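What follows is the content of input06.cif, which has mmCIF, C-alpha atoms:
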```
data_target
loop_
_atom_site.label_atom_id
_atom_site.label_comp_id
_atom_site.auth_asym_id
_atom_site.auth_seq_id
_atom_site.Cartn_x
_atom_site.Cartn_y
_atom_site.Cartn_z
CA MET A 135 102.04 87.97 125.08
CA GLU A 136 98.38 89.08 124.89
CA VAL A 137 96.06 86.39 123.54
CA ALA A 138 92.45 87.37 122.97
CA VAL A 139 89.61 84.93 122.38
CA VAL A 140 86.68 86.38 120.45
CA LYS A 141 83.57 86.44 122.62
CA TYR A 142 80.37 85.83 120.65
CA ASN A 143 77.35 83.54 120.67
CA ALA A 144 79.17 80.31 119.94
CA GLY A 145 79.50 77.46 122.41
CA ASN A 146 82.44 75.56 123.81
CA ILE A 147 84.59 78.63 124.46
CA PHE A 148 85.48 77.39 127.94
CA SER A 149 87.51 74.47 126.53
CA VAL A 150 89.65 76.85 124.50
CA MET A 151 90.30 79.02 127.55
CA SER A 152 91.20 75.90 129.57
CA ALA A 153 93.50 74.57 126.86
CA LEU A 154 95.35 77.90 126.74
CA LEU A 155 95.64 77.93 130.53
CA ARG A 156 97.22 74.47 130.41
CA LEU A 157 99.80 75.99 128.05
CA GLY A 158 100.44 78.78 130.52
CA ILE A 159 98.45 81.45 128.65
CA ASP A 160 95.86 83.43 130.58
CA ALA A 161 93.86 84.59 127.54
CA THR A 162 91.26 87.35 127.56
CA LEU A 163 87.75 86.42 126.45
CA THR A 164 86.39 89.61 124.95
CA ASP A 165 84.27 91.37 122.34
CA ASP A 166 85.99 94.69 123.11
CA LYS A 167 87.23 95.95 119.76
CA GLU A 168 90.23 97.80 121.19
CA VAL A 169 91.42 94.76 123.12
CA LEU A 170 91.00 92.60 120.02
CA ARG A 171 92.87 95.07 117.81
CA ARG A 172 95.89 95.30 120.08
CA ALA A 173 96.20 91.61 121.06
CA ASP A 174 99.26 89.72 119.78
CA LYS A 175 97.26 86.65 118.86
CA ILE A 176 93.54 86.11 118.31
CA ILE A 177 91.59 82.89 118.64
CA PHE A 178 88.16 82.71 116.99
CA PRO A 179 86.69 79.48 118.38
CA GLY A 180 83.40 77.81 118.82
CA GLN A 181 80.64 75.46 118.00
CA GLY A 182 77.39 76.79 116.67
CA GLU A 183 75.13 77.48 113.73
CA ALA A 184 76.37 79.66 110.86
CA GLY A 185 73.32 81.90 110.47
CA THR A 186 72.91 82.94 114.11
CA THR A 187 76.64 83.33 114.81
CA MET A 188 77.18 85.43 111.64
CA ALA A 189 74.18 87.63 112.51
CA TYR A 190 75.66 88.22 115.97
CA LEU A 191 79.06 89.18 114.53
CA HIS A 192 77.42 91.76 112.24
CA GLN A 193 75.22 93.19 115.02
CA HIS A 194 78.22 93.67 117.29
CA GLY A 195 80.50 95.15 114.63
CA LEU A 196 82.86 92.17 114.90
CA ALA A 197 82.56 90.95 111.29
CA GLN A 198 84.51 93.81 109.70
CA LEU A 199 86.90 93.99 112.64
CA ILE A 200 87.93 90.32 112.26
CA LYS A 201 88.51 90.76 108.50
CA ASP A 202 90.75 93.77 109.14
CA LEU A 203 92.98 92.16 111.77
CA LYS A 204 96.67 91.91 110.90
CA GLN A 205 98.00 89.74 113.74
CA PRO A 206 97.88 85.92 113.58
CA LEU A 207 94.28 84.71 114.01
CA LEU A 208 93.24 81.09 114.49
CA GLY A 209 89.66 80.15 113.64
CA ILE A 210 88.41 76.85 115.07
CA CYS A 211 85.45 74.76 113.81
CA ILE A 212 82.54 77.18 113.26
CA GLY A 213 85.16 79.95 113.47
CA MET A 214 86.88 78.49 110.39
CA GLN A 215 83.59 78.08 108.56
CA LEU A 216 82.61 81.70 109.26
CA MET A 217 85.93 82.81 107.70
CA CYS A 218 84.84 81.31 104.35
CA SER A 219 82.73 83.00 101.68
CA HIS A 220 79.34 81.44 102.29
CA SER A 221 77.81 78.61 104.31
CA GLU A 222 75.14 76.27 103.07
CA GLU A 223 74.01 76.14 106.72
CA GLY A 224 71.17 78.66 106.80
CA ASN A 225 72.31 79.92 103.35
CA THR A 226 74.58 82.39 105.15
CA PRO A 227 77.03 84.85 103.59
CA CYS A 228 80.19 84.70 105.74
CA LEU A 229 83.34 86.79 106.24
CA GLY A 230 84.96 85.90 102.92
CA ILE A 231 88.54 85.73 104.19
CA PHE A 232 88.89 82.40 102.37
CA ASP A 233 87.25 82.39 98.95
CA VAL A 234 85.57 79.01 99.31
CA PRO A 235 82.02 78.03 100.31
CA VAL A 236 81.06 75.72 103.22
CA VAL A 237 78.86 72.81 102.16
CA LYS A 238 77.01 69.94 103.86
CA PHE A 239 78.36 66.39 103.90
CA ARG A 240 76.23 64.19 101.65
CA PRO A 241 77.21 60.58 102.35
CA GLU A 242 75.81 57.54 100.62
CA PRO A 243 72.84 56.13 102.59
CA ASN A 244 73.95 53.58 105.23
CA PHE A 245 77.57 54.55 104.79
CA GLU A 246 79.16 57.39 106.74
CA LYS A 247 77.39 58.90 109.75
CA ILE A 248 76.68 62.61 110.10
CA PRO A 249 77.98 64.53 112.05
CA HIS A 250 81.57 63.58 111.28
CA MET A 251 82.37 63.01 114.94
CA GLY A 252 85.54 61.67 116.49
CA TRP A 253 89.24 61.29 115.76
CA ASN A 254 90.47 61.40 112.19
CA SER A 255 93.94 61.90 110.73
CA ILE A 256 95.35 64.94 108.93
CA ARG A 257 97.62 64.64 105.88
CA GLU A 258 99.60 66.85 103.50
CA VAL A 259 100.07 69.36 106.30
CA LYS A 260 101.62 72.63 105.17
CA SER A 261 101.46 75.64 107.44
CA PRO A 262 103.66 77.02 110.23
CA ILE A 263 101.08 75.71 112.73
CA PHE A 264 101.87 72.15 111.61
CA ASP A 265 105.37 70.82 112.07
CA PRO A 266 106.08 67.90 109.69
CA SER A 267 105.83 65.39 112.55
CA LEU A 268 102.09 66.13 112.70
CA GLU A 269 101.55 64.35 109.35
CA ASP A 270 99.00 61.53 109.81
CA GLU A 271 98.33 62.42 113.46
CA TYR A 272 94.78 62.15 114.78
CA VAL A 273 92.72 65.18 115.80
CA TYR A 274 89.14 65.56 117.07
CA PHE A 275 86.33 66.65 114.73
CA VAL A 276 82.63 67.38 115.26
CA HIS A 277 80.86 68.87 112.24
CA SER A 278 78.19 68.30 109.61
CA TYR A 279 79.37 70.96 107.12
CA TYR A 280 82.83 71.05 105.55
CA VAL A 281 85.18 73.22 103.51
CA PRO A 282 86.14 71.63 100.16
CA LEU A 283 89.77 71.51 99.06
CA THR A 284 91.07 74.89 97.89
CA LYS A 285 94.40 76.58 97.21
CA HIS A 286 94.28 77.70 100.87
CA THR A 287 94.03 74.11 102.21
CA ALA A 288 96.73 73.63 104.88
CA ALA A 289 95.81 70.04 105.85
CA LYS A 290 93.53 67.40 104.35
CA THR A 291 91.28 64.82 106.00
CA ASP A 292 89.24 62.09 104.34
CA TYR A 293 85.56 61.69 105.23
CA VAL A 294 82.96 61.09 102.55
CA GLN A 295 85.60 62.79 100.35
CA PRO A 296 88.87 64.63 101.01
CA PHE A 297 88.16 68.04 102.57
CA SER A 298 90.04 70.94 104.18
CA ALA A 299 90.96 70.07 107.77
CA ALA A 300 92.84 73.37 107.95
CA LEU A 301 93.22 76.57 105.94
CA GLN A 302 95.79 79.35 105.82
CA LYS A 303 96.09 82.66 104.02
CA ASP A 304 98.41 85.45 105.18
CA ASN A 305 97.82 86.00 108.94
CA PHE A 306 94.64 83.89 108.92
CA TYR A 307 94.86 80.30 110.16
CA ALA A 308 91.95 77.94 110.67
CA THR A 309 91.23 74.37 111.70
CA GLN A 310 87.99 72.44 111.21
CA PHE A 311 89.01 70.15 114.07
CA HIS A 312 89.27 71.15 117.72
CA PRO A 313 92.95 71.46 118.75
CA GLU A 314 91.75 72.26 122.29
CA LYS A 315 90.21 68.76 122.46
CA SER A 316 92.86 66.88 120.48
CA GLY A 317 95.10 65.77 123.32
CA SER A 318 98.84 66.37 123.09
CA VAL A 319 98.69 66.69 119.27
CA GLY A 320 96.25 69.58 119.63
CA GLU A 321 98.49 71.18 122.25
CA ARG A 322 101.40 71.09 119.81
CA ILE A 323 99.31 72.83 117.14
CA LEU A 324 98.20 75.52 119.60
CA THR A 325 101.79 75.97 120.75
CA ASN A 326 102.96 76.36 117.13
CA PHE A 327 100.30 79.02 116.58
CA LEU A 328 101.27 80.88 119.76
CA LYS A 329 104.91 80.91 118.61
CA LEU A 330 104.11 82.61 115.26
CA MET B 242 89.99 57.40 108.13
CA LEU B 243 87.69 58.10 111.07
CA ALA B 244 88.85 56.07 114.07
CA LYS B 245 86.63 53.86 116.21
CA ARG B 246 86.47 55.35 119.71
CA ILE B 247 87.32 53.71 123.04
CA ILE B 248 85.46 55.39 125.92
CA PRO B 249 86.02 54.63 129.61
CA CYS B 250 82.99 55.45 131.75
CA LEU B 251 83.41 56.73 135.30
CA ASP B 252 80.60 56.60 137.86
CA VAL B 253 81.06 59.55 140.17
CA LYS B 254 79.70 60.07 143.66
CA ASP B 255 80.84 63.04 145.76
CA GLY B 256 83.75 63.68 143.41
CA MET B 257 85.13 60.16 143.58
CA THR B 258 84.76 57.30 141.13
CA VAL B 259 82.70 54.68 142.82
CA LYS B 260 84.11 51.59 141.24
CA GLY B 261 87.55 50.74 142.51
CA THR B 262 90.70 50.95 140.48
CA ASN B 263 94.01 49.25 140.80
CA PHE B 264 96.07 51.89 139.09
CA VAL B 265 99.38 52.39 140.76
CA ASN B 266 99.42 55.47 142.97
CA LEU B 267 95.67 55.90 142.87
CA ARG B 268 93.36 55.35 145.78
CA GLU B 269 90.93 52.47 145.74
CA ALA B 270 88.10 54.82 144.77
CA GLY B 271 90.00 57.25 142.62
CA ASP B 272 89.60 60.98 142.32
CA ALA B 273 87.51 61.42 139.18
CA VAL B 274 89.75 64.10 137.67
CA GLU B 275 92.95 62.19 138.41
CA LEU B 276 91.52 59.03 136.86
CA GLY B 277 90.24 60.94 133.80
CA VAL B 278 93.68 62.44 133.22
CA ARG B 279 95.25 59.00 133.51
CA TYR B 280 92.85 57.56 130.93
CA SER B 281 93.44 60.38 128.49
CA GLU B 282 97.20 59.89 128.83
CA GLN B 283 96.72 56.20 128.09
CA GLY B 284 94.94 56.97 124.84
CA ALA B 285 91.22 57.01 125.69
CA ASP B 286 89.39 58.81 122.88
CA GLU B 287 86.67 60.33 125.04
CA LEU B 288 85.44 60.03 128.60
CA VAL B 289 81.98 59.72 130.12
CA PHE B 290 81.36 60.83 133.70
CA LEU B 291 78.06 59.74 135.22
CA ASP B 292 76.77 61.63 138.24
CA ILE B 293 75.22 59.00 140.47
CA THR B 294 74.73 61.43 143.36
CA ALA B 295 71.16 61.16 144.53
CA SER B 296 70.44 64.49 146.16
CA HIS B 297 69.85 67.87 144.59
CA GLU B 298 72.30 69.75 146.85
CA LYS B 299 75.18 67.55 145.82
CA ARG B 300 74.52 68.37 142.16
CA LYS B 301 76.14 71.75 142.76
CA THR B 302 79.30 70.01 143.91
CA PHE B 303 79.20 68.01 140.70
CA THR B 304 79.22 71.20 138.62
CA GLU B 305 82.42 72.22 140.38
CA LEU B 306 83.86 68.82 139.51
CA VAL B 307 82.94 69.32 135.83
CA LYS B 308 84.91 72.58 135.88
CA ARG B 309 87.92 70.75 137.31
CA ILE B 310 87.61 68.04 134.66
CA ALA B 311 87.43 70.64 131.88
CA ALA B 312 90.46 72.47 133.24
CA ASN B 313 92.57 69.32 133.36
CA ILE B 314 91.51 67.06 130.50
CA ASN B 315 92.44 67.66 126.86
CA ILE B 316 90.04 65.22 125.17
CA PRO B 317 86.24 65.45 124.82
CA PHE B 318 84.01 64.35 127.69
CA THR B 319 80.33 63.71 128.22
CA ILE B 320 78.41 64.29 131.44
CA GLY B 321 75.36 62.18 132.27
CA GLY B 322 73.09 61.51 135.20
CA GLY B 323 70.31 63.57 136.67
CA ILE B 324 69.80 65.92 133.74
CA SER B 325 66.14 66.80 133.87
CA GLU B 326 65.79 70.22 132.30
CA LEU B 327 67.41 72.61 129.87
CA SER B 328 68.98 74.65 132.69
CA ASP B 329 70.95 71.55 133.78
CA VAL B 330 72.35 71.27 130.25
CA ASP B 331 73.24 74.95 130.18
CA ARG B 332 74.98 74.70 133.57
CA LEU B 333 77.04 71.64 132.61
CA LEU B 334 78.06 72.99 129.18
CA ASN B 335 79.05 76.27 130.80
CA ALA B 336 81.15 74.31 133.26
CA GLY B 337 83.05 72.91 130.27
CA ALA B 338 81.34 69.63 129.31
CA ASP B 339 81.49 68.87 125.59
CA LYS B 340 78.37 66.74 125.51
CA ILE B 341 75.60 65.79 127.88
CA SER B 342 73.73 62.54 128.02
CA VAL B 343 69.99 62.24 128.71
CA ASN B 344 68.20 59.01 129.45
CA SER B 345 65.15 58.77 131.75
CA THR B 346 64.13 62.38 131.15
CA ALA B 347 64.14 61.82 127.39
CA ILE B 348 61.73 58.90 127.76
CA ARG B 349 59.42 60.87 130.07
CA HIS B 350 59.70 64.15 128.13
CA PRO B 351 61.03 63.43 124.62
CA GLU B 352 60.76 67.12 123.67
CA ILE B 353 63.88 67.86 125.77
CA ILE B 354 66.02 66.36 122.98
CA GLY B 355 64.71 68.84 120.43
CA LYS B 356 65.22 71.68 122.90
CA ILE B 357 68.83 70.70 123.56
CA ALA B 358 69.53 70.32 119.83
CA LYS B 359 67.96 73.67 119.02
CA ASN B 360 69.67 75.57 121.84
CA PHE B 361 73.10 73.96 121.86
CA GLY B 362 73.37 71.85 118.70
CA SER B 363 72.77 68.14 118.07
CA GLN B 364 76.43 67.36 118.63
CA VAL B 365 76.15 67.99 122.39
CA CYS B 366 73.11 65.73 122.81
CA VAL B 367 73.82 62.07 123.51
CA CYS B 368 70.70 60.01 124.12
CA ALA B 369 71.43 57.06 126.39
CA ILE B 370 69.11 54.08 126.03
CA ASP B 371 69.07 51.18 128.51
CA ALA B 372 67.19 48.25 127.04
CA ASN B 373 66.49 44.68 128.05
CA PHE B 374 65.66 41.84 125.65
CA GLU B 375 62.53 40.19 127.02
CA ASN B 376 59.57 38.35 125.51
CA GLY B 377 61.12 38.60 122.08
CA LYS B 378 61.71 42.34 122.01
CA TRP B 379 64.03 45.05 123.29
CA THR B 380 62.26 47.11 125.96
CA CYS B 381 63.64 50.43 127.21
CA TYR B 382 64.03 51.12 130.92
CA THR B 383 64.41 54.31 132.97
CA SER B 384 65.96 55.17 136.34
CA GLY B 385 69.08 53.08 135.95
CA GLY B 386 67.14 50.02 134.82
CA ARG B 387 64.58 50.09 137.63
CA HIS B 388 61.45 51.05 135.69
CA ARG B 389 60.19 49.49 132.49
CA SER B 390 58.87 51.96 129.91
CA ASP B 391 56.55 51.41 126.94
CA LYS B 392 59.33 52.25 124.46
CA GLU B 393 60.81 49.66 122.12
CA LEU B 394 64.52 50.08 121.35
CA PHE B 395 64.55 50.49 117.57
CA SER B 396 61.50 52.72 117.24
CA TRP B 397 62.68 54.86 120.18
CA ALA B 398 66.17 55.17 118.73
CA LYS B 399 64.71 56.39 115.43
CA GLU B 400 62.48 58.81 117.29
CA VAL B 401 65.40 60.36 119.22
CA GLN B 402 67.39 60.70 116.00
CA GLU B 403 64.48 62.56 114.42
CA LEU B 404 64.12 64.73 117.52
CA GLY B 405 67.73 65.85 117.08
CA ALA B 406 70.00 63.63 119.18
CA GLY B 407 73.58 63.62 117.89
CA GLU B 408 74.56 60.17 119.16
CA ILE B 409 73.01 57.14 120.79
CA LEU B 410 74.61 55.36 123.75
CA PHE B 411 72.97 51.95 123.85
CA THR B 412 73.43 49.76 126.93
CA SER B 413 72.16 46.21 126.77
CA MET B 414 70.95 45.35 130.27
CA ASN B 415 71.21 41.66 129.39
CA HIS B 416 74.91 42.04 128.62
CA ASP B 417 75.90 44.67 131.21
CA GLY B 418 78.30 43.34 133.83
CA VAL B 419 78.31 39.82 132.38
CA LYS B 420 81.53 40.31 130.40
CA THR B 421 80.55 37.93 127.60
CA GLY B 422 80.60 40.48 124.79
CA PHE B 423 78.39 43.31 123.52
CA ALA B 424 74.86 42.97 122.07
CA ASN B 425 76.23 42.92 118.54
CA GLU B 426 73.08 41.90 116.71
CA ALA B 427 71.01 44.75 118.13
CA LEU B 428 73.92 47.17 117.71
CA ARG B 429 74.34 46.25 114.06
CA ARG B 430 70.66 46.84 113.41
CA LEU B 431 70.83 50.23 115.18
CA SER B 432 73.90 51.21 113.20
CA GLU B 433 72.33 50.19 109.88
CA GLU B 434 68.96 51.80 110.53
CA LEU B 435 70.24 55.11 111.92
CA SER B 436 72.41 57.85 110.45
CA ILE B 437 73.92 59.11 113.75
CA PRO B 438 76.86 57.47 115.58
CA ILE B 439 76.17 54.55 117.94
CA ILE B 440 78.15 54.03 121.16
CA ALA B 441 78.00 50.44 122.41
CA SER B 442 77.88 49.74 126.13
CA GLY B 443 77.53 46.64 128.26
CA GLY B 444 79.37 43.37 128.03
CA ALA B 445 83.06 44.14 127.53
CA GLY B 446 85.22 41.39 129.01
CA THR B 447 88.05 40.77 126.57
CA LYS B 448 89.92 42.59 123.80
CA GLU B 449 88.18 40.35 121.26
CA HIS B 450 84.81 41.68 122.42
CA PHE B 451 85.88 45.16 121.30
CA LYS B 452 86.92 43.84 117.89
CA ASP B 453 83.56 42.08 117.58
CA VAL B 454 81.55 45.15 118.54
CA PHE B 455 83.25 47.17 115.79
CA VAL B 456 83.21 44.45 113.11
CA GLU B 457 79.96 42.57 113.84
CA GLY B 458 78.14 45.25 115.82
CA LYS B 459 79.25 48.04 113.46
CA ALA B 460 79.46 50.38 116.46
CA ASP B 461 81.20 53.74 116.10
CA ALA B 462 82.48 53.70 119.68
CA ALA B 463 82.67 51.26 122.58
CA LEU B 464 82.22 52.20 126.22
CA ALA B 465 83.32 50.17 129.23
CA ALA B 466 84.01 50.68 132.91
CA SER B 467 85.28 47.85 135.04
CA VAL B 468 87.65 46.25 132.51
CA PHE B 469 89.49 49.58 132.45
CA HIS B 470 89.15 50.52 136.14
CA PHE B 471 90.52 47.22 137.33
CA GLY B 472 93.28 47.21 134.74
CA GLU B 473 92.02 43.96 133.19
CA ILE B 474 92.42 45.50 129.74
CA PRO B 475 95.01 48.29 129.56
CA ILE B 476 93.92 50.81 126.92
CA PRO B 477 97.28 50.87 125.04
CA ASP B 478 97.19 47.05 124.74
CA LEU B 479 93.59 47.13 123.58
CA LYS B 480 94.29 49.77 120.96
CA SER B 481 97.38 48.09 119.51
CA TYR B 482 95.46 44.79 119.37
CA LEU B 483 92.54 46.42 117.53
CA ARG B 484 94.86 48.12 115.07
CA SER B 485 96.66 44.81 114.41
CA GLU B 486 93.23 43.38 113.60
CA GLY B 487 92.78 45.99 110.89
CA ILE B 488 90.42 48.30 112.78
CA SER B 489 90.84 52.05 112.36
CA ILE B 490 92.19 53.15 115.75
CA ARG B 491 94.01 56.21 117.03
CA ILE B 492 97.31 55.23 118.68
CA LYS B 493 98.80 57.91 120.89
#
```

Full structure transcribed into structure tokens:
Amino acid sequence: MEVAVVKYNAGNIFSVMSALLRLGIDATLTDDKEVLRRADKIIFPGQGEAGTTMAYLHQHGLAQLIKDLKQPLLGICIGMQLMCSHSEEGNTPCLGIFDVPVVKFRPEPNFEKIPHMGWNSIREVKSPIFDPSLEDEYVYFVHSYYVPLTKHTAAKTDYVQPFSAALQKDNFYATQFHPEKSGSVGERILTNFLKL
Amino acid sequence: MLAKRIIPCLDVKDGMTVKGTNFVNLREAGDAVELGVRYSEQGADELVFLDITASHEKRKTFTELVKRIAANINIPFTIGGGISELSDVDRLLNAGADKISVNSTAIRHPEIIGKIAKNFGSQVCVCAIDANFENGKWTCYTSGGRHRSDKELFSWAKEVQELGAGEILFTSMNHDGVKTGFANEALRRLSEELSIPIIASGGAGTKEHFKDVFVEGKADAALAASVFHFGEIPIPDLKSYLRSEGISIRIK
């Protein structure tokens, strides 16, 4: 199985590559359009800022390519946010795969901290990447912007208010949390995705 | 609900943890990667590795170690110690670290925090603050507690938040190593006055101390070394105790 990881100007790619290696997958980190088109599975990972990462994707012809992919694709963290319609971060138009905007957490003063950082639980999981035993399991989040609940929500998490911890539509899967940093629970989610 | 984090801290010199451990099947001074894996299997929520190597040449060896940690550990980890410029941050993040921690350099050159936040994002920038309560106020120290600075804890903490730090790791020098509990009063004030997460360090001796630091100190995370290394408080026991006390905790 060929797994390609989208190479762009987002950080923390190394942890995704390492997590895949631990699962026995020697993935290819690439921005080569042909390699991306013919891969069996695509991972679109990263940490970063919406404006600069989106600009990079457009400049390198990756924005349209990602939207047109037909094989299972998993967006992680900023990857998931870039798959939405628009991000409040830098007032950035995004890929529009999921018709929902990304907005900033606005907690009550002296209540929740921003970024939402650490382990939080997922509930109402519904997607082939979540087996039912993953209900209420903890996964690792680091983010200041979030995706509200939508018809594409595949898992919910509560912080400030309930938000989309995961999304799914057709061949497009996405998690706001980092499965590559979520211990054995994260490994199960990655394994489920690789089995699609 | 967001869980409170339990973070073992490993001091590393030449690839080995310096403080001894009494884990079964591990050497007295354990291999840092082996020990990190063991902690993550036991349910640690994050790990901190501090490079206490003195010389510049050995720093390169440490980068190799960070790569090994990243390849083997499936939870987030922070690297601290000896980070003096942006290129150090770049090197460690490229080696697979999730976050880096700055301390002395931030006090000497506060602008490094803004540079890290701008280049890599606030979430990778942990600002460590070592402070000692003396003459009625909390004074910050550099160089592992050897040099007193002119910074006062609360004003400095607010400054680093404004500069772009994503978290604060506060160590009370008065409490460190004494095992009589964390500096809960100062921690609570930090937590209430700041909008970024606070990691408490210094003073862990019993399971109750961890409960107190979350309830009274309002800390988001608690860091400790020797109580974990010497097996005085096994992490699974600690976590089930904290959950039974009504604290939001991830149980593996």

| Which of B:Arg429, B:His416, B:Arg491, B:Lys359 sits closest to B:Asp286 [using only C-alpha atoms] |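 The shortest atom-to-atom distance to B:Asp286 comes from B:Arg491.
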
| task | Could the residues of chain A within 10 Å of chain B, counting all atoms listed in the file, be given as a ChimeraX atom specification, please? | result | /A:144-156,181-183,241,243-256,271-278,291-294,312-321

Box centre and edge lengths (Å, one decimal), axis-aligned, stretch 383-397 of chain B plus 4 Å each side, as JSON:
```
{"center_x": 62.8, "center_y": 52.3, "center_z": 127.4, "size_x": 20.5, "size_y": 13.7, "size_z": 28.4}
```

Give me the residues of stretch 273-356 of chain B that have any atom at most 10 Å from an atom of stretch 370-373 of chain B; for each, the nearest atom pair and the distance in Å, rounded to one decimal. Use all atoms listed in the file, sort by chain and number, and format it as a tab-separated table.
```
residue	atom	partner	partner_atom	distance
B:Ser342	CA	B:Ile370	CA	9.8
B:Val343	CA	B:Ile370	CA	8.6
B:Asn344	CA	B:Ile370	CA	6.1
B:Ser345	CA	B:Ile370	CA	8.4
B:Ala347	CA	B:Ile370	CA	9.3
B:Ile348	CA	B:Ile370	CA	9.0
```

| message | To one decimal place in Å, what is the distance between atom CA of B:Lys420 and atom CA of B:Thr447? | response |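 The value is 7.6 Å.
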
| task | Please write the residues picked by the PyMOL selection byres ((chain A and resi 205) around 7) on this file as a PyMOL selection string. | result | chain A and resi 174-175+203-204+206-207+305

| task | Let me know the residues the PyMOL selection byres ((chain B and resi 398) around 9) catches in the file above, as JSON, numbers by chain. | result | {"B": [368, 370, 393, 394, 395, 396, 397, 399, 400, 401, 402, 403, 409, 431, 435]}

| Nearest to B:Val278: which of B:Ile357, B:Leu464, B:Ile310, B:Val419 is it, counting all atoms listed in the file? |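 Distance minimum relative to B:Val278 lands on B:Ile310.
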
| said: Once the PyMOL selection byres ((chain A and resi 288) around 9) is applied to the coordinates I shared, what remains selected? I want it as a PyMOL selection string. | reply: chain A and resi 258-261+264+285-287+289-290+298-302+307-309

| Å distance separating atom CA of B:Thr346 from atom CA of B:Gly323, one decimal place | 8.4 Å

| field | Interatomic distance, atom CA of B:Leu410 to atom CA of B:Val330 (Å, one decimal) | value |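 Interatomic distance, atom CA of B:Leu410 to atom CA of B:Val330: 17.3 Å.
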
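Of the listed residues (B:Cys250, B:Ile440, B:Val454, B:Ala406), B:Ala406 comes nearest to B:Glu352; the distances count all atoms listed in the file.
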
| field | Spatial neighbours of B:Ile488, 10 Å, all atoms listed in the file, chain gap at least 4 places, as a PyMOL selection string | value | chain B and resi 244-245+452+455-456+480-484

| request: Compare B:Gly322, B:Gly444, B:Gly487, B:Gly355 by their minimum atom-to-atom distance to B:Ser467, counting all atoms listed in the file, and give me the closest one. | output: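 Closest candidate: B:Gly444.
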
| Which residues come within 6 Å of A:Leu216, counting all atoms listed in the file, excluding same-chain residues fewer than 2 positions away, as a PyMOL selection string? | chain A and resi 213-214+218+228-229
